[in-house]
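Trainee: Data: coords.txt, compact mmCIF, C-alpha atoms.
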```txt
# COMPACT_ATOMS: atom_id res chain seq x y z
CA SER A 225 14.38 -39.65 -8.46
CA ILE A 226 12.60 -38.02 -5.55
CA ILE A 227 9.07 -36.82 -6.16
CA LYS A 228 8.09 -33.87 -4.01
CA LYS A 229 4.37 -33.60 -3.38
CA VAL A 230 3.14 -30.03 -3.48
CA LYS A 231 0.15 -29.21 -1.34
CA LYS A 232 -2.49 -27.24 -3.25
CA PHE A 233 -5.26 -25.19 -1.73
CA ASP A 234 -8.70 -25.03 -3.30
CA PHE A 235 -10.38 -21.62 -3.68
CA VAL A 236 -13.80 -20.78 -5.07
CA ILE A 237 -13.71 -17.51 -7.02
CA GLU A 238 -16.55 -15.06 -7.71
CA ASP A 239 -18.13 -16.93 -10.61
CA GLY A 240 -18.14 -20.23 -8.70
CA LYS A 241 -15.11 -21.74 -10.44
CA HIS A 242 -12.49 -23.58 -8.42
CA ILE A 243 -8.80 -22.72 -8.63
CA HIS A 244 -5.93 -24.57 -7.01
CA LEU A 245 -2.90 -22.67 -5.76
CA THR A 246 0.29 -23.77 -4.05
CA GLU A 247 1.53 -22.02 -0.92
CA GLU A 248 4.21 -20.28 -3.01
CA GLN A 249 1.59 -18.96 -5.45
CA ILE A 250 -0.54 -17.72 -2.54
CA ASN A 251 2.49 -15.91 -1.07
CA GLN A 252 3.22 -14.33 -4.46
CA GLN A 253 -0.40 -13.16 -4.74
CA ASN A 254 -0.27 -11.68 -1.23
CA LYS A 255 2.97 -9.86 -2.05
CA ILE A 256 1.45 -8.42 -5.25
CA LYS A 257 -1.63 -7.37 -3.28
CA GLU A 258 0.49 -5.61 -0.62
CA GLU A 259 2.59 -3.82 -3.26
CA ALA A 260 -0.55 -2.67 -5.09
CA LYS A 261 -2.07 -1.40 -1.83
CA ALA A 262 1.13 0.50 -0.97
CA GLU A 263 1.18 2.05 -4.45
CA ALA A 264 -2.50 3.03 -4.17
CA ASP A 265 -1.91 4.61 -0.75
CA LYS A 266 1.06 6.56 -2.12
CA HIS A 267 -1.00 7.75 -5.10
CA GLU A 268 -3.90 8.75 -2.83
CA SER A 269 -1.52 10.76 -0.65
CA GLU A 270 -0.12 12.58 -3.70
CA VAL A 271 -3.63 13.35 -4.97
CA ARG A 272 -4.64 14.74 -1.56
CA LYS A 273 -1.54 16.95 -1.49
CA GLU A 274 -2.33 18.27 -4.98
CA GLU A 275 -5.93 18.98 -3.92
CA LEU A 276 -4.69 20.89 -0.87
CA VAL A 277 -2.33 22.97 -3.00
CA ASP A 278 -5.19 23.73 -5.41
CA LEU A 279 -7.54 24.62 -2.56
CA LEU A 280 -5.23 26.58 -0.23
CA GLY A 281 -2.39 27.65 -2.49
CA PRO A 282 1.26 26.59 -2.39
CA GLU A 283 2.29 29.23 0.18
CA VAL A 284 -0.17 28.00 2.82
CA VAL A 285 0.72 24.35 2.24
CA ASN A 286 4.47 25.10 2.45
CA LYS A 287 4.00 27.11 5.66
CA TYR A 288 1.98 24.28 7.21
CA TYR A 289 4.57 21.70 6.14
CA ASN A 290 7.46 23.75 7.56
CA ASP A 291 5.59 24.38 10.83
CA LYS A 292 4.85 20.66 11.09
CA LEU A 293 8.54 19.83 10.56
CA GLN A 294 9.53 22.27 13.32
CA TYR A 295 6.90 20.83 15.66
CA ASN A 296 8.08 17.27 14.98
CA ARG A 297 11.71 18.25 15.64
CA TYR A 298 10.69 19.95 18.90
CA CYS A 299 8.67 16.92 20.02
CA ASP A 300 11.52 14.53 19.22
CA LYS A 301 13.89 16.49 21.52
CA SER A 302 11.54 16.31 24.50
```
Translate the structure described by the file into structure tokens.

Mentor:
Amino acid sequence: SIIKKVKKFDFVIEDGKHIHLTEEQINQQNKIKEEAKAEADKHESEVRKEELVDLLGPEVVNKYYNDKLQYNRYCDKS
């Protein structure tokens, strides 16, 4: 049988302990981190929108949004 050696990387975590991760595990952790960041950004955007609606009212926010859409369409044609 063929034995495949897996390279492990040594990391020191906050409390000084050492952990060993393979490249695949590191890639999985990075993917999880990116997904969590994207979800947090999406949530932050939704919270900001809700705060704007509370502060300015839905009519003002809708008017701004519609004006922005028109402006973007106009700029895309240029």

Trainee: Between A:Glu270, A:Asp291, A:Asp234, A:Asp278, which residue has the minimum interatomic distance to Ile250 of chain A, considering only C-alpha atoms?

Mentor: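 Counting only C-alpha atoms, the residue closest to Ile250 of chain A is A:Asp234.
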
Trainee: Might you pull out every residue within 12 Å of Lys273 of chain A, with only C-alpha atoms counted and same-chain residues fewer than 4 positions away left off, and present them as a PDB file with C-alpha atoms, in the frame of the given file?

Mentor:
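Below is the file around.pdb, written as the result:
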```pdb
ATOM      1  CA  LYS A 266       1.060   6.560  -2.120  1.00  0.00           C
ATOM      2  CA  HIS A 267      -1.000   7.750  -5.100  1.00  0.00           C
ATOM      3  CA  GLU A 268      -3.900   8.750  -2.830  1.00  0.00           C
ATOM      4  CA  SER A 269      -1.520  10.760  -0.650  1.00  0.00           C
ATOM      5  CA  VAL A 277      -2.330  22.970  -3.000  1.00  0.00           C
ATOM      6  CA  ASP A 278      -5.190  23.730  -5.410  1.00  0.00           C
ATOM      7  CA  LEU A 279      -7.540  24.620  -2.560  1.00  0.00           C
ATOM      8  CA  LEU A 280      -5.230  26.580  -0.230  1.00  0.00           C
ATOM      9  CA  GLY A 281      -2.390  27.650  -2.490  1.00  0.00           C
ATOM     10  CA  PRO A 282       1.260  26.590  -2.390  1.00  0.00           C
ATOM     11  CA  VAL A 284      -0.170  28.000   2.820  1.00  0.00           C
ATOM     12  CA  VAL A 285       0.720  24.350   2.240  1.00  0.00           C
ATOM     13  CA  ASN A 286       4.470  25.100   2.450  1.00  0.00           C
ATOM     14  CA  TYR A 288       1.980  24.280   7.210  1.00  0.00           C
ATOM     15  CA  TYR A 289       4.570  21.700   6.140  1.00  0.00           C
TER      16      TYR A 289
END
```

Trainee: Using only C-alpha atoms, determine which residues lie at most 10 Å from Leu245 of chain A, disregarding the query and same-chain residues fewer than 5 positions distant; provide the list as a list of chain:residue names.

Mentor: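 Residues meeting the cut-off are A:Val230, A:Lys231, A:Lys232, A:Phe233, A:Asp234, A:Phe235, A:Ile250, A:Asn251, A:Gln253.
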
Trainee: Quick one: pull the distance between atom CA of Lys228 of chain A and atom CA of Glu248 of chain A, Å, one decimal.

Mentor: 14.2 Å

Trainee: So what do you get for atom CA of Glu258 of chain A versus atom CA of Asp239 of chain A, distance-wise?

Mentor: 24.0 Å

Trainee: Take atom CA of Ile256 of chain A and atom CA of Lys229 of chain A and report the distance between them in Å, one decimal.

Mentor: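 Distance between the two atoms: 25.4 Å.
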
Trainee: Starting from the incomplete input, reconstruct N, CA and C atoms of segment 238-252 of chain A and report them as an mmCIF file, in the coordinates of the input.

Mentor:
```
data_model
loop_
_atom_site.group_PDB
_atom_site.id
_atom_site.type_symbol
_atom_site.label_atom_id
_atom_site.label_comp_id
_atom_site.auth_asym_id
_atom_site.auth_seq_id
_atom_site.Cartn_x
_atom_site.Cartn_y
_atom_site.Cartn_z
ATOM 1 N N GLU A 238 -15.252 -15.728 -7.612
ATOM 2 C CA GLU A 238 -16.550 -15.060 -7.710
ATOM 3 C C GLU A 238 -17.572 -15.796 -8.569
ATOM 4 N N ASP A 239 -17.159 -16.295 -9.707
ATOM 5 C CA ASP A 239 -18.130 -16.930 -10.610
ATOM 6 C C ASP A 239 -18.365 -18.411 -10.289
ATOM 7 N N GLY A 240 -17.888 -18.858 -9.125
ATOM 8 C CA GLY A 240 -18.140 -20.230 -8.700
ATOM 9 C C GLY A 240 -17.118 -21.242 -9.171
ATOM 10 N N LYS A 241 -16.149 -20.822 -9.960
ATOM 11 C CA LYS A 241 -15.110 -21.740 -10.440
ATOM 12 C C LYS A 241 -14.123 -22.027 -9.315
ATOM 13 N N HIS A 242 -13.499 -23.187 -9.396
ATOM 14 C CA HIS A 242 -12.490 -23.580 -8.420
ATOM 15 C C HIS A 242 -11.106 -23.361 -9.026
ATOM 16 N N ILE A 243 -10.203 -22.824 -8.211
ATOM 17 C CA ILE A 243 -8.800 -22.720 -8.630
ATOM 18 C C ILE A 243 -7.953 -23.375 -7.544
ATOM 19 N N HIS A 244 -6.833 -23.901 -7.938
ATOM 20 C CA HIS A 244 -5.930 -24.570 -7.010
ATOM 21 C C HIS A 244 -4.594 -23.840 -7.043
ATOM 22 N N LEU A 245 -4.154 -23.408 -5.862
ATOM 23 C CA LEU A 245 -2.900 -22.670 -5.760
ATOM 24 C C LEU A 245 -1.989 -23.341 -4.737
ATOM 25 N N THR A 246 -0.689 -23.287 -5.020
ATOM 26 C CA THR A 246 0.290 -23.770 -4.050
ATOM 27 C C THR A 246 0.550 -22.658 -3.043
ATOM 28 N N GLU A 247 1.205 -23.010 -1.950
ATOM 29 C CA GLU A 247 1.530 -22.020 -0.920
ATOM 30 C C GLU A 247 2.407 -20.905 -1.506
ATOM 31 N N GLU A 248 3.331 -21.272 -2.376
ATOM 32 C CA GLU A 248 4.210 -20.280 -3.010
ATOM 33 C C GLU A 248 3.397 -19.307 -3.866
ATOM 34 N N GLN A 249 2.434 -19.828 -4.620
ATOM 35 C CA GLN A 249 1.590 -18.960 -5.450
ATOM 36 C C GLN A 249 0.745 -18.032 -4.578
ATOM 37 N N ILE A 250 0.249 -18.549 -3.456
ATOM 38 C CA ILE A 250 -0.540 -17.720 -2.540
ATOM 39 C C ILE A 250 0.336 -16.600 -1.982
ATOM 40 N N ASN A 251 1.568 -16.933 -1.593
ATOM 41 C CA ASN A 251 2.490 -15.910 -1.070
ATOM 42 C C ASN A 251 2.797 -14.860 -2.125
ATOM 43 N N GLN A 252 2.978 -15.283 -3.378
ATOM 44 C CA GLN A 252 3.220 -14.330 -4.460
ATOM 45 C C GLN A 252 2.022 -13.404 -4.647
#
```
